[in-house]
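In what follows, a single structure is set out as structure tokens and then discussed.
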Amino acid sequence: MKKFSFRQVHKFGGSSIHNIQSYKRVANIIKEYSQIDDFIVLSASGNTTNYLINWFKAIKNNSVFANTMQEKIFFYQKELIYGLLSNKSANILLLKLTTDLKYLNKLLISKKFNHDIYNEVVGYGEIWSAILMSYFLKELNIPSYYLDSRLFLCADNKDGIYPTINFDLSKKLLNKIIKNVSNKILIVSGFIARNNQGKTILLGRNGSDYSATQIASLVKNVSRVTIWSDINGIYSADPFLVKNALLWRNLNLFKAQELARLSHNILHPRCLEPIFLSNYFNLYIRCSLNPKKDYTKINRVMNQDDQAKIIVNNNYVSLIEIFIEKNNNLYKLNKKILILLKSKKFNPLAAYIHKKRKIIQLCYSTESLFIVSSFLRKKLFFHGKIFFKKKISLIALIGKDKKSRYFFYKILKNKPVEFICEKFISLIAILNTNRTIKIVSELHKNIF
């Protein structure tokens, strides 16, 4: 393989390495599109993370289901190992897998069930996929080196929904490592980092995206980051829901950032932050199933001719409703609450005040609901009650203009809407339903 003066970071999601054939496909992409000294960041294979989460949850009160999940993990990983490697290498990895599962089982049967154990258990999927890919590439005569991201990626989660990377320390540690590892492709576990106590912490949904862009910001000579997924790039709507969705070949950074903030499964909410802080690399979204097809490039500058609009559909959101007593000033309290939330980086996806009902509504991803609501219960400085609404969905239009704004309000007028708000470059509607496919299709048909 060739070696250039610049590096690249390639990230592959779990859907790109879900079976033996897809591992081989990704290995071919690495061989064709990467070079010596590049970084390859991997998510957990297929449903491994979900299996690990279910194992953790089941161990509390359902030992039969817990054993079933452990067996699923073992046989799924074993099938990948023996389907890709020679017997000698496969036996080595199977022994490691067995040792890891014994270690995790010991943690789980201790029944401490704290957040540290949860992070340790759930983060193992990325470790297994990265080690397996490293072994597989070596058997294809592609020099590789497995790198546990916890050896250099340091973070804390004192503030905010997602951990904050300690940039200076992480940079120092990573550059020390790569000085001693040369002429190899570095295969890195995504999604996981370590805190000041050396314990595993998770970077949140699509956390491997965040790992990839953070790595790029830590190393000076990285020229591009490519996120490989099961779709070609960023579309005008979810192409699995809207058949005639348009692929945007170019998208400005501000729209991409808003997409990451509002969407559930396209980009990590914070994965674009390192691009804002760096002048070195560009970001590309490509499809691992069709690597030669068109893709999306995220542009740093706001193009004058950028007419891209994106309809976002997110069914993984919930509402926090704060009922305010009559003797309190609703607007003043709302302002104080938002300032308080911002100080902890708990900014809502959308917010609204119902004057008549004396309610403040805050929309968050369902995964962050517990941490935010717990914070509010401790910090509320007024007499009010907090309630939750689940089975909620978010539909947003990024890149609004006069025409699209008209259709957005017209189509949603007779839908079960909780509220509509406008923020920056977006229109955001919160709905009392998860059945949104027809609404998204209708919006797309009219706007495009």
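Just so we're on the same page: first chain in the structure tokens is A, next is B, and so on; residues restart at 1 for each chain, and ligands are numbered from 1 in the order they show up.
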
Would you list, as a ChimeraX atom specification, the residues of stretch 168-342 of chain A that end up in alpha helix (DSSP H) under DSSP run on this structure's backbone?
/A:168-179,207-218,253-262,273-277,330-342

Contact residues around stretch 32-34 of chain A with only C-alpha atoms at 10 Å, ignoring same-chain residues under 5 positions, as a VMD selection string:
chain A and resid 1 to 3 7 to 10 26 to 27 39 to 40 185 291

Could you write out that same residue set with C-alpha atoms as a PDB file, in the first residue's frame?
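The resulting file, again30.pdb, is reproduced below:
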ATOM      1  CA  MET A   1       0.000   0.000   0.000  1.00  0.00           C
ATOM      2  CA  LYS A   2       1.090   3.576  -0.645  1.00  0.00           C
ATOM      3  CA  LYS A   3       2.205   6.057   1.979  1.00  0.00           C
ATOM      4  CA  ARG A   7      -3.445  10.811   6.681  1.00  0.00           C
ATOM      5  CA  GLN A   8      -7.108   9.907   6.428  1.00  0.00           C
ATOM      6  CA  VAL A   9      -9.628   8.683   8.976  1.00  0.00           C
ATOM      7  CA  HIS A  10     -12.235   6.160   7.826  1.00  0.00           C
ATOM      8  CA  VAL A  26     -14.919  -3.210   4.156  1.00  0.00           C
ATOM      9  CA  ALA A  27     -11.463  -4.801   3.916  1.00  0.00           C
ATOM     10  CA  PHE A  39      -6.878   5.445  10.942  1.00  0.00           C
ATOM     11  CA  ILE A  40      -9.819   3.042  10.630  1.00  0.00           C
ATOM     12  CA  ILE A 185      -2.952   1.091   9.304  1.00  0.00           C
ATOM     13  CA  PRO A 291     -18.229   2.965  -2.690  1.00  0.00           C
TER      14      PRO A 291
END

Select from stretch 129-164 of chain A every residue with an atom at most 10 Å from any atom of stretch 347-371 of chain A, then for each give the shortest pair of atoms and their distance in Å to one decimal, using only C-alpha atoms, rows by chain and rising number, as JSON lines.
{"residue": "A:Gly160", "atom": "CA", "partner": "A:Asn347", "partner_atom": "CA", "distance": 8.6}
{"residue": "A:Ile161", "atom": "CA", "partner": "A:Ser368", "partner_atom": "CA", "distance": 6.3}
{"residue": "A:Tyr162", "atom": "CA", "partner": "A:Ser368", "partner_atom": "CA", "distance": 8.9}

Contacts between stretch 100-104 of chain A and stretch 113-173 of chain A, please, where a residue of stretch 113-173 of chain A counts if it comes within 9 Å (with only C-alpha atoms); show its shortest atom pair and distance in Å to one decimal, rows by chain and ascending number, as JSON lines.
{"residue": "A:Ile117", "atom": "CA", "partner": "A:Leu104", "partner_atom": "CA", "distance": 8.7}
{"residue": "A:Glu120", "atom": "CA", "partner": "A:Leu104", "partner_atom": "CA", "distance": 8.1}
{"residue": "A:Val121", "atom": "CA", "partner": "A:Leu104", "partner_atom": "CA", "distance": 6.1}
{"residue": "A:Tyr124", "atom": "CA", "partner": "A:Asp100", "partner_atom": "CA", "distance": 8.5}

Dump N, CA, C and O atoms for the selected residues as a PDB file, in the first residue's frame?
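The resulting file, result22.pdb, is shown below:
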ATOM      1  N   ILE A 117     -20.094  -0.024  35.360  1.00  0.00           N
ATOM      2  CA  ILE A 117     -20.185  -1.399  34.848  1.00  0.00           C
ATOM      3  C   ILE A 117     -20.952  -1.430  33.534  1.00  0.00           C
ATOM      4  O   ILE A 117     -20.579  -2.149  32.599  1.00  0.00           O
ATOM      5  N   GLU A 120     -18.572  -0.328  30.836  1.00  0.00           N
ATOM      6  CA  GLU A 120     -17.557  -1.356  30.580  1.00  0.00           C
ATOM      7  C   GLU A 120     -18.129  -2.482  29.724  1.00  0.00           C
ATOM      8  O   GLU A 120     -17.509  -2.927  28.756  1.00  0.00           O
ATOM      9  N   VAL A 121     -19.335  -2.928  30.076  1.00  0.00           N
ATOM     10  CA  VAL A 121     -19.954  -4.040  29.344  1.00  0.00           C
ATOM     11  C   VAL A 121     -20.323  -3.630  27.927  1.00  0.00           C
ATOM     12  O   VAL A 121     -19.977  -4.298  26.947  1.00  0.00           O
ATOM     13  N   TYR A 124     -17.686  -3.170  24.864  1.00  0.00           N
ATOM     14  CA  TYR A 124     -16.840  -4.256  24.353  1.00  0.00           C
ATOM     15  C   TYR A 124     -17.091  -4.599  22.890  1.00  0.00           C
ATOM     16  O   TYR A 124     -16.245  -5.197  22.231  1.00  0.00           O
TER      17      TYR A 124
END

Quick one, how far is atom CA of A:Leu97 from atom CA of A:Ser144?
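One can read the atom CA of A:Leu97 to atom CA of A:Ser144 distance as 20.0 Å.
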
For the strand (DSSP E or B) assignment from backbone DSSP, which residues of stretch 157-215 of chain A qualify? Please present them as a count of residues only.
13

Pick from A:Leu289, A:Leu338, A:Leu132, A:Ala308: nearest to A:Ala245, with only C-alpha atoms counted?
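The answer is A:Ala308, which sits nearest to A:Ala245.
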
Which residues come within 9 Å of A:Gly125, counting only C-alpha atoms, excluding same-chain residues fewer than 5 positions away, as a ChimeraX atom specification?
/A:43-45,48-49,52,130,189

Quick one: everything within 9 Å of A:Ile298, counting only C-alpha atoms, minus sequence neighbours fewer than 2 positions away in the same chain. Send it as a list in words.
Arg249, Asn250, Leu251, Asn252, Leu253, Ala256, Asn282, Leu283, Tyr284, Ile285, Thr296 and Arg300 of chain A

Using only all heavy atoms, please write the residues we just selected to a file, as a short mmCIF file (atom, residue, chain, number, x, y, z; two decimals), in the first residue's frame.
data_model
loop_
_atom_site.label_atom_id
_atom_site.label_comp_id
_atom_site.auth_asym_id
_atom_site.auth_seq_id
_atom_site.Cartn_x
_atom_site.Cartn_y
_atom_site.Cartn_z
N ARG A 249 -24.92 16.42 -2.87
CA ARG A 249 -23.48 16.15 -3.05
C ARG A 249 -22.62 17.10 -2.24
O ARG A 249 -21.48 16.79 -1.91
CB ARG A 249 -23.12 16.22 -4.53
CG ARG A 249 -23.76 15.09 -5.35
CD ARG A 249 -23.40 15.20 -6.82
NE ARG A 249 -23.95 14.08 -7.58
CZ ARG A 249 -25.19 14.04 -8.06
NH1 ARG A 249 -26.01 15.06 -7.84
NH2 ARG A 249 -25.61 13.00 -8.74
N ASN A 250 -23.17 18.27 -1.95
CA ASN A 250 -22.47 19.24 -1.11
C ASN A 250 -23.46 19.78 -0.08
O ASN A 250 -24.61 20.06 -0.39
CB ASN A 250 -21.93 20.40 -1.95
CG ASN A 250 -20.79 19.97 -2.85
OD1 ASN A 250 -19.65 19.85 -2.40
ND2 ASN A 250 -21.09 19.73 -4.12
N LEU A 251 -22.97 19.95 1.14
CA LEU A 251 -23.80 20.48 2.21
C LEU A 251 -22.93 21.35 3.10
O LEU A 251 -21.83 20.94 3.47
CB LEU A 251 -24.41 19.33 3.02
CG LEU A 251 -25.50 19.71 4.03
CD1 LEU A 251 -26.78 20.13 3.31
CD2 LEU A 251 -25.79 18.53 4.97
N ASN A 252 -23.42 22.55 3.42
CA ASN A 252 -22.58 23.40 4.26
C ASN A 252 -22.58 22.93 5.71
O ASN A 252 -23.49 22.23 6.17
CB ASN A 252 -22.96 24.88 4.13
CG ASN A 252 -24.25 25.23 4.85
OD1 ASN A 252 -24.36 25.08 6.05
ND2 ASN A 252 -25.22 25.72 4.08
N LEU A 253 -21.55 23.32 6.41
CA LEU A 253 -21.29 22.83 7.75
C LEU A 253 -22.40 23.17 8.74
O LEU A 253 -22.72 22.39 9.65
CB LEU A 253 -19.95 23.39 8.24
CG LEU A 253 -19.30 22.78 9.47
CD1 LEU A 253 -19.16 21.28 9.34
CD2 LEU A 253 -17.94 23.41 9.71
N ALA A 256 -25.29 20.78 8.22
CA ALA A 256 -24.89 19.46 8.71
C ALA A 256 -24.90 19.40 10.23
O ALA A 256 -25.30 18.40 10.83
CB ALA A 256 -23.50 19.11 8.17
N ASN A 282 -11.52 17.70 5.81
CA ASN A 282 -12.89 17.77 5.30
C ASN A 282 -13.62 16.47 5.67
O ASN A 282 -12.99 15.45 5.94
CB ASN A 282 -12.88 17.95 3.78
CG ASN A 282 -12.26 19.27 3.38
OD1 ASN A 282 -12.67 20.33 3.81
ND2 ASN A 282 -11.22 19.20 2.53
N LEU A 283 -14.94 16.53 5.62
CA LEU A 283 -15.75 15.38 6.00
C LEU A 283 -16.57 14.90 4.81
O LEU A 283 -17.19 15.70 4.11
CB LEU A 283 -16.68 15.75 7.16
CG LEU A 283 -17.61 14.64 7.67
CD1 LEU A 283 -16.80 13.52 8.30
CD2 LEU A 283 -18.60 15.20 8.69
N TYR A 284 -16.58 13.59 4.61
CA TYR A 284 -17.34 12.97 3.52
C TYR A 284 -18.23 11.88 4.10
O TYR A 284 -17.83 11.17 5.02
CB TYR A 284 -16.39 12.34 2.49
CG TYR A 284 -15.50 13.34 1.79
CD1 TYR A 284 -14.35 13.83 2.41
CD2 TYR A 284 -15.80 13.81 0.52
CE1 TYR A 284 -13.53 14.75 1.78
CE2 TYR A 284 -14.98 14.73 -0.13
CZ TYR A 284 -13.84 15.19 0.51
OH TYR A 284 -13.04 16.11 -0.11
N ILE A 285 -19.42 11.75 3.54
CA ILE A 285 -20.36 10.67 3.90
C ILE A 285 -20.50 9.78 2.67
O ILE A 285 -20.95 10.24 1.62
CB ILE A 285 -21.75 11.20 4.32
CG1 ILE A 285 -21.62 12.40 5.26
CG2 ILE A 285 -22.57 10.08 4.94
CD1 ILE A 285 -21.02 12.11 6.59
N THR A 296 -21.69 12.59 -0.27
CA THR A 296 -21.87 13.95 0.23
C THR A 296 -20.56 14.46 0.82
O THR A 296 -19.91 13.76 1.60
CB THR A 296 -22.96 14.00 1.32
OG1 THR A 296 -24.20 13.58 0.75
CG2 THR A 296 -23.11 15.42 1.87
N ARG A 300 -16.94 23.58 4.52
CA ARG A 300 -16.69 24.47 5.65
C ARG A 300 -17.39 25.82 5.48
O ARG A 300 -17.79 26.44 6.46
CB ARG A 300 -15.19 24.72 5.80
CG ARG A 300 -14.42 23.50 6.21
CD ARG A 300 -12.93 23.81 6.27
NE ARG A 300 -12.22 22.68 6.82
CZ ARG A 300 -12.09 22.43 8.11
NH1 ARG A 300 -12.63 23.25 8.97
NH2 ARG A 300 -11.43 21.38 8.54
#

Taking into account only C-alpha atoms, which residue in the set A:Ile59, A:Pro274, A:Val312, A:Phe12 is nearest to A:Gly190?
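When distances to A:Gly190 are compared using only C-alpha atoms, the smallest one comes from A:Phe12.
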
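Between atom CA of A:Ser182 and atom CA of A:Ile36 there is a distance of 8.1 Å.
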
Taking into account only C-alpha atoms, which residue in the set A:Ile131, A:Thr98, A:Phe6, A:Ala58 is nearest to A:Ile73?
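Closest residue, counting only C-alpha atoms: A:Thr98.
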